[in-house]
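Novice: Next comes the structure file structure39.cif, holding mmCIF, C-alpha atoms.
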```
data_structure
loop_
_atom_site.group_PDB
_atom_site.id
_atom_site.type_symbol
_atom_site.label_atom_id
_atom_site.label_comp_id
_atom_site.auth_asym_id
_atom_site.auth_seq_id
_atom_site.Cartn_x
_atom_site.Cartn_y
_atom_site.Cartn_z
ATOM 1 C CA MET A 20 219.508 98.887 -125.066
ATOM 2 C CA GLU A 21 216.914 96.301 -124.110
ATOM 3 C CA ARG A 22 216.387 95.437 -120.446
ATOM 4 C CA CYS A 23 215.945 91.767 -119.447
ATOM 5 C CA PHE A 24 214.958 90.613 -115.972
ATOM 6 C CA LEU A 25 215.983 87.122 -114.963
ATOM 7 C CA ASP A 26 214.075 85.511 -112.113
ATOM 8 C CA ILE A 27 215.376 82.084 -111.172
ATOM 9 C CA SER A 28 213.900 81.986 -107.676
ATOM 10 C CA ASP A 29 211.797 78.974 -108.666
ATOM 11 C CA ILE A 30 214.882 76.868 -109.509
ATOM 12 C CA SER A 31 216.144 74.743 -106.621
ATOM 13 C CA GLY A 32 219.856 75.079 -105.853
ATOM 14 C CA THR A 33 220.363 78.696 -106.934
ATOM 15 C CA ASP A 34 220.487 80.967 -103.862
ATOM 16 C CA LEU A 35 224.127 81.986 -103.247
ATOM 17 C CA TYR A 36 225.406 78.742 -104.819
ATOM 18 C CA CYS A 37 224.548 77.126 -108.129
ATOM 19 C CA SER A 38 224.240 73.370 -108.487
ATOM 20 C CA ARG A 39 225.111 71.644 -111.771
ATOM 21 C CA GLU A 40 221.448 70.805 -112.338
ATOM 22 C CA ALA A 41 220.411 74.409 -111.770
ATOM 23 C CA ALA A 42 223.144 75.629 -114.137
ATOM 24 C CA GLU A 43 221.661 73.633 -117.009
ATOM 25 C CA GLU A 44 218.191 75.070 -116.408
ATOM 26 C CA ILE A 45 219.630 78.605 -116.201
ATOM 27 C CA ARG A 46 221.433 78.160 -119.535
ATOM 28 C CA ARG A 47 218.170 76.991 -121.084
ATOM 29 C CA ARG A 48 216.278 80.032 -119.768
ATOM 30 C CA ILE A 49 218.787 82.659 -120.862
ATOM 31 C CA ALA A 50 219.347 81.170 -124.328
ATOM 32 C CA PRO A 51 216.545 83.203 -125.980
ATOM 33 C CA GLN A 52 217.647 86.471 -124.341
ATOM 34 C CA PRO A 53 219.801 88.816 -126.402
ATOM 35 C CA LEU A 54 223.362 89.095 -125.150
ATOM 36 C CA ASN A 55 223.547 92.795 -126.034
ATOM 37 C CA ALA A 56 221.129 93.924 -123.339
ATOM 38 C CA LEU A 57 221.019 95.058 -119.726
ATOM 39 C CA HIS A 58 220.424 91.881 -117.712
ATOM 40 C CA VAL A 59 219.000 92.559 -114.247
ATOM 41 C CA LEU A 60 219.972 89.577 -112.095
ATOM 42 C CA GLY A 61 218.568 90.237 -108.620
ATOM 43 C CA ASN A 62 220.509 90.580 -105.397
ATOM 44 C CA GLY A 63 224.235 89.889 -105.063
ATOM 45 C CA ASN A 64 223.653 86.232 -104.179
ATOM 46 C CA TYR A 65 222.968 85.698 -107.884
ATOM 47 C CA HIS A 66 225.977 87.504 -109.335
ATOM 48 C CA TYR A 67 227.284 84.155 -110.611
ATOM 49 C CA LEU A 68 224.609 84.408 -113.333
ATOM 50 C CA SER A 69 227.067 86.678 -115.147
ATOM 51 C CA LEU A 70 229.139 83.604 -116.000
ATOM 52 C CA PHE A 71 226.284 82.155 -118.068
ATOM 53 C CA TYR A 72 226.145 85.298 -120.197
ATOM 54 C CA LEU A 73 229.935 85.349 -120.576
ATOM 55 C CA GLU A 74 229.835 81.754 -121.839
ATOM 56 C CA ARG A 75 227.846 83.001 -124.847
ATOM 57 C CA ILE A 76 230.527 85.446 -126.041
ATOM 58 C CA ASN A 77 232.297 83.990 -129.065
ATOM 59 C CA GLU A 78 235.055 86.553 -129.555
ATOM 60 C CA PRO A 79 237.953 87.826 -127.423
ATOM 61 C CA PHE A 80 236.695 90.307 -124.803
ATOM 62 C CA THR A 81 237.395 92.141 -121.563
ATOM 63 C CA LEU A 82 235.261 91.743 -118.448
ATOM 64 C CA VAL A 83 234.840 95.071 -116.649
ATOM 65 C CA LEU A 84 233.688 94.302 -113.123
ATOM 66 C CA PHE A 85 232.212 97.135 -111.041
ATOM 67 C CA ASP A 86 232.073 95.484 -107.620
ATOM 68 C CA HIS A 87 233.050 95.946 -103.984
ATOM 69 C CA HIS A 88 234.254 92.304 -103.981
ATOM 70 C CA SER A 89 236.530 90.548 -106.482
ATOM 71 C CA ASP A 90 234.267 87.477 -106.831
ATOM 72 C CA ASN A 91 237.529 85.701 -107.588
ATOM 73 C CA GLN A 92 237.578 83.122 -104.771
ATOM 74 C CA PRO A 93 237.717 79.326 -105.102
ATOM 75 C CA GLY A 94 234.278 77.721 -105.329
ATOM 76 C CA ALA A 95 232.646 76.032 -102.360
ATOM 77 C CA PHE A 96 233.202 72.370 -101.529
ATOM 78 C CA GLY A 97 236.529 72.093 -103.314
ATOM 79 C CA GLY A 98 235.427 74.167 -106.266
ATOM 80 C CA GLU A 99 232.418 71.968 -107.010
ATOM 81 C CA LEU A 100 229.775 74.662 -106.530
ATOM 82 C CA LEU A 101 229.703 77.934 -108.429
ATOM 83 C CA SER A 102 228.903 80.897 -106.188
ATOM 84 C CA CYS A 103 228.565 84.647 -106.186
ATOM 85 C CA GLY A 104 232.123 84.785 -104.863
ATOM 86 C CA SER A 105 233.736 82.382 -107.355
ATOM 87 C CA TRP A 106 232.291 83.142 -110.773
ATOM 88 C CA VAL A 107 235.125 85.438 -111.936
ATOM 89 C CA LEU A 108 237.758 82.832 -111.074
ATOM 90 C CA GLU A 109 235.684 80.201 -112.877
ATOM 91 C CA ALA A 110 235.400 82.468 -115.928
ATOM 92 C CA THR A 111 239.163 83.031 -116.072
ATOM 93 C CA LYS A 112 239.757 79.277 -115.908
ATOM 94 C CA ARG A 113 237.177 78.156 -118.472
ATOM 95 C CA LEU A 114 236.582 80.931 -120.990
ATOM 96 C CA ASP A 115 239.310 81.147 -123.620
ATOM 97 C CA ASN A 116 237.836 84.332 -125.088
ATOM 98 C CA LEU A 117 238.108 86.184 -121.771
ATOM 99 C CA LYS A 118 241.410 88.030 -122.225
ATOM 100 C CA LYS A 119 241.349 90.471 -119.317
ATOM 101 C CA VAL A 120 239.412 91.277 -116.148
ATOM 102 C CA VAL A 121 239.411 94.880 -114.921
ATOM 103 C CA TRP A 122 238.025 95.136 -111.386
ATOM 104 C CA ILE A 123 236.768 98.658 -110.749
ATOM 105 C CA GLY A 124 236.318 98.928 -107.004
ATOM 106 C CA GLY A 125 239.448 96.911 -106.360
ATOM 107 C CA ASP A 126 242.835 97.212 -108.010
ATOM 108 C CA GLY A 127 241.653 98.079 -111.525
ATOM 109 C CA GLN A 128 241.499 101.521 -113.051
ATOM 110 C CA ILE A 129 239.287 102.708 -115.881
ATOM 111 C CA ASN A 130 242.408 103.325 -117.980
ATOM 112 C CA ASP A 131 243.236 99.592 -117.732
ATOM 113 C CA ILE A 132 240.369 98.760 -120.098
ATOM 114 C CA PRO A 133 241.792 98.030 -123.552
ATOM 115 C CA GLU A 134 240.042 99.834 -126.396
ATOM 116 C CA SER A 135 241.058 97.084 -128.815
ATOM 117 C CA LEU A 136 238.691 94.494 -127.316
ATOM 118 C CA PRO A 137 234.938 94.560 -126.849
ATOM 119 C CA ALA A 138 233.829 94.618 -123.222
ATOM 120 C CA TYR A 139 231.174 93.009 -121.085
ATOM 121 C CA LEU A 140 230.194 95.092 -118.052
ATOM 122 C CA SER A 141 229.134 93.422 -114.817
ATOM 123 C CA ILE A 142 227.853 95.823 -112.179
ATOM 124 C CA ASP A 143 227.250 94.876 -108.557
ATOM 125 C CA LEU A 144 225.569 97.742 -106.773
ATOM 126 C CA ASP A 145 227.428 96.869 -103.564
ATOM 127 C CA ILE A 146 230.192 99.061 -105.008
ATOM 128 C CA LEU A 147 228.027 102.026 -103.991
ATOM 129 C CA ALA A 148 227.944 103.728 -100.620
ATOM 130 C CA PRO A 149 224.966 102.549 -98.520
ATOM 131 C CA GLU A 150 223.114 105.864 -98.809
ATOM 132 C CA TYR A 151 222.401 105.151 -102.494
ATOM 133 C CA VAL A 152 221.045 101.610 -102.426
ATOM 134 C CA LYS A 153 220.554 98.835 -99.898
ATOM 135 C CA THR A 154 222.283 95.549 -100.731
ATOM 136 C CA VAL A 155 222.546 92.153 -99.030
ATOM 137 C CA TRP A 156 226.370 92.394 -98.706
ATOM 138 C CA ASP A 157 228.813 94.859 -97.189
ATOM 139 C CA GLN A 158 229.196 97.888 -99.391
ATOM 140 C CA GLY A 159 231.824 100.159 -100.833
ATOM 141 C CA ASP A 160 231.895 103.924 -100.761
ATOM 142 C CA MET A 161 231.560 104.930 -104.410
ATOM 143 C CA GLU A 162 229.253 107.812 -105.216
ATOM 144 C CA LEU A 163 226.395 107.057 -107.591
ATOM 145 C CA SER A 164 227.486 109.887 -109.901
ATOM 146 C CA GLU A 165 230.994 108.376 -110.116
ATOM 147 C CA LEU A 166 229.624 104.928 -111.015
ATOM 148 C CA MET A 167 227.426 106.379 -113.748
ATOM 149 C CA LEU A 168 230.336 108.442 -115.098
ATOM 150 C CA LEU A 169 232.556 105.328 -115.227
ATOM 151 C CA ILE A 170 229.875 103.255 -116.969
ATOM 152 C CA ASN A 171 229.253 106.023 -119.502
ATOM 153 C CA TYR A 172 232.997 106.409 -120.132
ATOM 154 C CA THR A 173 233.420 102.663 -120.638
ATOM 155 C CA MET A 174 230.479 102.487 -123.040
ATOM 156 C CA LYS A 175 232.006 105.282 -125.121
ATOM 157 C CA LYS A 176 235.541 103.877 -124.966
ATOM 158 C CA CYS A 177 234.795 100.371 -126.236
ATOM 159 C CA ASP A 178 232.252 98.235 -127.973
ATOM 160 C CA VAL A 179 230.050 96.862 -125.188
ATOM 161 C CA ILE A 180 228.798 93.316 -125.817
ATOM 162 C CA GLY A 181 226.394 93.237 -122.883
ATOM 163 C CA ILE A 182 225.804 94.416 -119.338
ATOM 164 C CA ASP A 183 224.465 92.844 -116.195
ATOM 165 C CA LEU A 184 223.401 94.491 -112.964
ATOM 166 C CA CYS A 185 222.865 92.937 -109.555
ATOM 167 C CA GLY A 186 223.218 93.640 -105.880
ATOM 168 C CA ALA A 187 220.152 95.550 -104.781
ATOM 169 C CA ALA A 188 218.041 94.022 -102.032
ATOM 170 C CA ASP A 189 214.986 95.232 -103.984
ATOM 171 C CA ASN A 190 214.981 95.502 -107.796
ATOM 172 C CA ASN A 191 212.022 97.902 -107.534
ATOM 173 C CA ASP A 192 214.084 100.376 -105.524
ATOM 174 C CA PRO A 193 213.728 103.774 -107.288
ATOM 175 C CA THR A 194 217.527 104.158 -107.448
ATOM 176 C CA VAL A 195 217.876 100.779 -109.175
ATOM 177 C CA LEU A 196 215.161 101.647 -111.693
ATOM 178 C CA SER A 197 216.819 105.000 -112.361
ATOM 179 C CA ILE A 198 220.220 103.346 -112.885
ATOM 180 C CA CYS A 199 218.643 100.870 -115.326
ATOM 181 C CA ASP A 200 216.911 103.669 -117.228
ATOM 182 C CA THR A 201 220.149 105.664 -117.455
ATOM 183 C CA ILE A 202 222.224 102.708 -118.664
ATOM 184 C CA CYS A 203 219.624 101.787 -121.277
ATOM 185 C CA SER A 204 219.630 105.345 -122.588
ATOM 186 C CA LEU A 205 223.423 105.529 -123.049
#
```
What is this file in structure tokens?
Specialist:
Amino acid sequence: MERCFLDISDISGTDLYCSREAAEEIRRRIAPQPLNALHVLGNGNYHYLSLFYLERINEPFTLVLFDHHSDNQPGAFGGELLSCGSWVLEATKRLDNLKKVVWIGGDGQINDIPESLPAYLSIDLDILAPEYVKTVWDQGDMELSELMLLINYTMKKCDVIGIDLCGAADNNDPTVLSICDTICSL
């Protein structure tokens, strides 16, 4: 699987929240990237970038979210601004092809993932216990080996359309690079 890094730090209106103007520029930048790749998005403030990849899926699918947070909250300022905490809710409202969200790290279980639909995996490393990787948000307590086992299981269980990864305070962290290498080799 190809690995794609997306750096949008030069676009005004993108840190934590995403303005409408910034959203259009982001869509333009990701358009040439393959969907079936590992997209490395940066720290958790940019997890909303997942929505722009999901918008490109033109068949019914399941979103498998590995995250310490549901990212299913109403957007800021009356729902006007997309954020790292609102992108899943926005996806469920706008994307007709999104048939199910399975939140691993919350109330979802790996057995809840339907085999009959392709899946898009969105991984926020804040699901991991702090000893594995430093993030910019509060963290869960999942072991790294458990996360990798769950990702591997999901990739074998269903047709994976694409994957994104975010959450680390430093994308050059050796653990992050190792996780990327492992996912790309599956």
Novice: Pull out every residue that the PyMOL selection byres ((chain A and resi 179-187) around 8) matches in the shown coordinates and put them as a PyMOL selection string.
Specialist: chain A and resi 54-66+69+137-145+152-156+174+177-178+188-190+192+195
Novice: What is the distance, in Å and to one decimal place, between CA of Leu35 (chain A) and CA of Met167 (chain A)?
Specialist: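 Between CA of Leu35 (chain A) and CA of Met167 (chain A) the gap works out to 26.8 Å.
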Novice: Can you work out which one of A:Pro193, A:Ser89, A:Ser102, A:Ser204 has the shortest atom-to-atom distance to Thr33 (chain A), counting all atoms listed in the file?
Specialist: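 Answer, going by the shortest atom-to-atom distance: A:Ser102.
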Novice: Rounded to one decimal in Å, what is the spacing between CA of Leu163 (chain A) and CA of Ala148 (chain A)?
Specialist: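 The value is 7.9 Å.
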Novice: From the options A:Ile76, A:Met161, A:Ile30, A:Ile129, which residue's atoms come nearest to Ala110 (chain A), counting all atoms listed in the file?
Specialist: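 For Ala110 (chain A), the nearest of the candidates is A:Ile76.
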Novice: Hey, could you pull the box centre and edge lengths for region 41-45 of chain A, axis-aligned, 5 Å padding per side, all listed atoms, to one decimal in Å, as AutoDock Vina command-line options?
Specialist:
```
--center_x 220.7 --center_y 76.1 --center_z -114.4 --size_x 15.0 --size_y 15.0 --size_z 15.2
```
Novice: At what distance in Å, to one decimal, does CA of Ile146 (chain A) lie from CA of Gly159 (chain A)?
Specialist: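 Atom-to-atom, CA of Gly159 (chain A) to CA of Ile146 (chain A), that is 4.6 Å.
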Novice: Mind listing as a list in words all residues within 12 Å of (230.2, 80.1, -122.9), counting all atoms listed in the file?
Specialist: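 Here the neighbourhood of the point contains Arg46, Ile49, Ala50, Leu54, Leu68, Ser69, Leu70, Phe71, Tyr72, Leu73, Glu74, Arg75, Ile76, Asn77, Glu78, Pro79, Glu109, Ala110, Thr111, Lys112, Arg113, Leu114, Asp115, Asn116 and Leu117 of chain A.
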Novice: Just to be explicit: take each residue in the selection above, keep C-alpha atoms, and write the result as an mmCIF file, in the coordinates of the input.
Specialist:
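That gives us selection28.cif:
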```cif
data_model
loop_
_atom_site.group_PDB
_atom_site.id
_atom_site.type_symbol
_atom_site.label_atom_id
_atom_site.label_comp_id
_atom_site.auth_asym_id
_atom_site.auth_seq_id
_atom_site.Cartn_x
_atom_site.Cartn_y
_atom_site.Cartn_z
ATOM 1 C CA ARG A 46 221.433 78.160 -119.535
ATOM 2 C CA ILE A 49 218.787 82.659 -120.862
ATOM 3 C CA ALA A 50 219.347 81.170 -124.328
ATOM 4 C CA LEU A 54 223.362 89.095 -125.150
ATOM 5 C CA LEU A 68 224.609 84.408 -113.333
ATOM 6 C CA SER A 69 227.067 86.678 -115.147
ATOM 7 C CA LEU A 70 229.139 83.604 -116.000
ATOM 8 C CA PHE A 71 226.284 82.155 -118.068
ATOM 9 C CA TYR A 72 226.145 85.298 -120.197
ATOM 10 C CA LEU A 73 229.935 85.349 -120.576
ATOM 11 C CA GLU A 74 229.835 81.754 -121.839
ATOM 12 C CA ARG A 75 227.846 83.001 -124.847
ATOM 13 C CA ILE A 76 230.527 85.446 -126.041
ATOM 14 C CA ASN A 77 232.297 83.990 -129.065
ATOM 15 C CA GLU A 78 235.055 86.553 -129.555
ATOM 16 C CA PRO A 79 237.953 87.826 -127.423
ATOM 17 C CA GLU A 109 235.684 80.201 -112.877
ATOM 18 C CA ALA A 110 235.400 82.468 -115.928
ATOM 19 C CA THR A 111 239.163 83.031 -116.072
ATOM 20 C CA LYS A 112 239.757 79.277 -115.908
ATOM 21 C CA ARG A 113 237.177 78.156 -118.472
ATOM 22 C CA LEU A 114 236.582 80.931 -120.990
ATOM 23 C CA ASP A 115 239.310 81.147 -123.620
ATOM 24 C CA ASN A 116 237.836 84.332 -125.088
ATOM 25 C CA LEU A 117 238.108 86.184 -121.771
#
```
Novice: When you count only C-alpha atoms, which of these residues is closest to Ile198 (chain A): A:Val107, A:Glu43, A:Leu147, A:Pro93?
Specialist: A:Leu147
Novice: Within 10 Å of Asp200 (chain A), counting only C-alpha atoms, which residues qualify if same-chain residues fewer than 6 places away don't, as a PyMOL selection string?
Specialist: chain A and resi 20+22+57+194
Novice: Go ahead and save the picked residues with C-alpha atoms, as a PDB file, in the frame of the given file.
Specialist:
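Final output, saved to out10.pdb:
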```pdb
ATOM      1  CA  MET A  20     219.508  98.887-125.066  1.00  0.00           C
ATOM      2  CA  ARG A  22     216.387  95.437-120.446  1.00  0.00           C
ATOM      3  CA  LEU A  57     221.019  95.058-119.726  1.00  0.00           C
ATOM      4  CA  THR A 194     217.527 104.158-107.448  1.00  0.00           C
TER       5      THR A 194
END
```
Novice: Using all atoms listed in the file, which of A:Tyr151, A:Leu25, A:Asp86, A:Pro53 sits nearest Ser197 (chain A)?
Specialist: A:Tyr151
Novice: Restricting the calculation to only C-alpha atoms, which member of A:Leu101, A:Leu84, A:Ile170, A:Ile202 is positioned closest to Ile123 (chain A)?
Specialist: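 Using only C-alpha atoms, Ile123 (chain A) sits closest to A:Leu84.
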Novice: If I only want region 127-143 of chain A, can you write it with N, CA, C and O atoms, as a compact mmCIF listing (two decimals), in the first residue's frame?
Specialist:
```txt
# COMPACT_ATOMS: atom_id res chain seq x y z
N GLY A 127 -17.95 0.35 19.87
CA GLY A 127 -17.91 -0.63 18.79
C GLY A 127 -16.99 -1.79 19.08
O GLY A 127 -16.02 -1.66 19.82
N GLN A 128 -17.31 -2.91 18.49
CA GLN A 128 -16.49 -4.11 18.61
C GLN A 128 -16.07 -4.54 17.21
O GLN A 128 -16.76 -4.29 16.23
N ILE A 129 -14.96 -5.21 17.12
CA ILE A 129 -14.43 -5.63 15.82
C ILE A 129 -15.43 -6.52 15.09
O ILE A 129 -15.52 -6.50 13.88
N ASN A 130 -16.23 -7.27 15.83
CA ASN A 130 -17.23 -8.14 15.20
C ASN A 130 -18.41 -7.37 14.63
O ASN A 130 -19.23 -7.93 13.92
N ASP A 131 -18.51 -6.06 14.93
CA ASP A 131 -19.58 -5.22 14.38
C ASP A 131 -19.31 -4.79 12.93
O ASP A 131 -20.18 -4.23 12.28
N ILE A 132 -18.12 -5.06 12.44
CA ILE A 132 -17.76 -4.64 11.08
C ILE A 132 -18.37 -5.63 10.10
O ILE A 132 -18.06 -6.82 10.12
N PRO A 133 -19.25 -5.16 9.22
CA PRO A 133 -19.86 -6.08 8.25
C PRO A 133 -18.86 -6.50 7.18
O PRO A 133 -18.13 -5.66 6.64
N GLU A 134 -18.82 -7.77 6.87
CA GLU A 134 -17.94 -8.28 5.82
C GLU A 134 -18.48 -7.96 4.43
O GLU A 134 -17.75 -7.99 3.45
N SER A 135 -19.77 -7.65 4.35
CA SER A 135 -20.42 -7.44 3.06
C SER A 135 -20.13 -6.08 2.44
O SER A 135 -20.42 -5.87 1.27
N LEU A 136 -19.55 -5.16 3.21
CA LEU A 136 -19.25 -3.83 2.70
C LEU A 136 -17.75 -3.57 2.76
O LEU A 136 -17.08 -3.99 3.71
N PRO A 137 -17.21 -2.84 1.78
CA PRO A 137 -15.83 -2.41 1.92
C PRO A 137 -15.70 -1.44 3.09
O PRO A 137 -16.69 -0.84 3.52
N ALA A 138 -14.50 -1.29 3.59
CA ALA A 138 -14.28 -0.44 4.76
C ALA A 138 -13.19 0.58 4.51
O ALA A 138 -12.24 0.34 3.76
N TYR A 139 -13.36 1.72 5.15
CA TYR A 139 -12.32 2.74 5.22
C TYR A 139 -11.89 2.80 6.68
O TYR A 139 -12.74 2.91 7.57
N LEU A 140 -10.59 2.72 6.94
CA LEU A 140 -10.08 2.73 8.30
C LEU A 140 -9.50 4.09 8.62
O LEU A 140 -8.70 4.63 7.85
N SER A 141 -9.93 4.66 9.73
CA SER A 141 -9.39 5.93 10.21
C SER A 141 -8.81 5.69 11.60
O SER A 141 -9.53 5.31 12.52
N ILE A 142 -7.53 5.92 11.73
CA ILE A 142 -6.80 5.57 12.95
C ILE A 142 -6.25 6.83 13.61
O ILE A 142 -5.43 7.54 13.01
N ASP A 143 -6.71 7.12 14.81
CA ASP A 143 -6.14 8.20 15.61
C ASP A 143 -5.31 7.54 16.69
O ASP A 143 -5.82 6.75 17.50
```
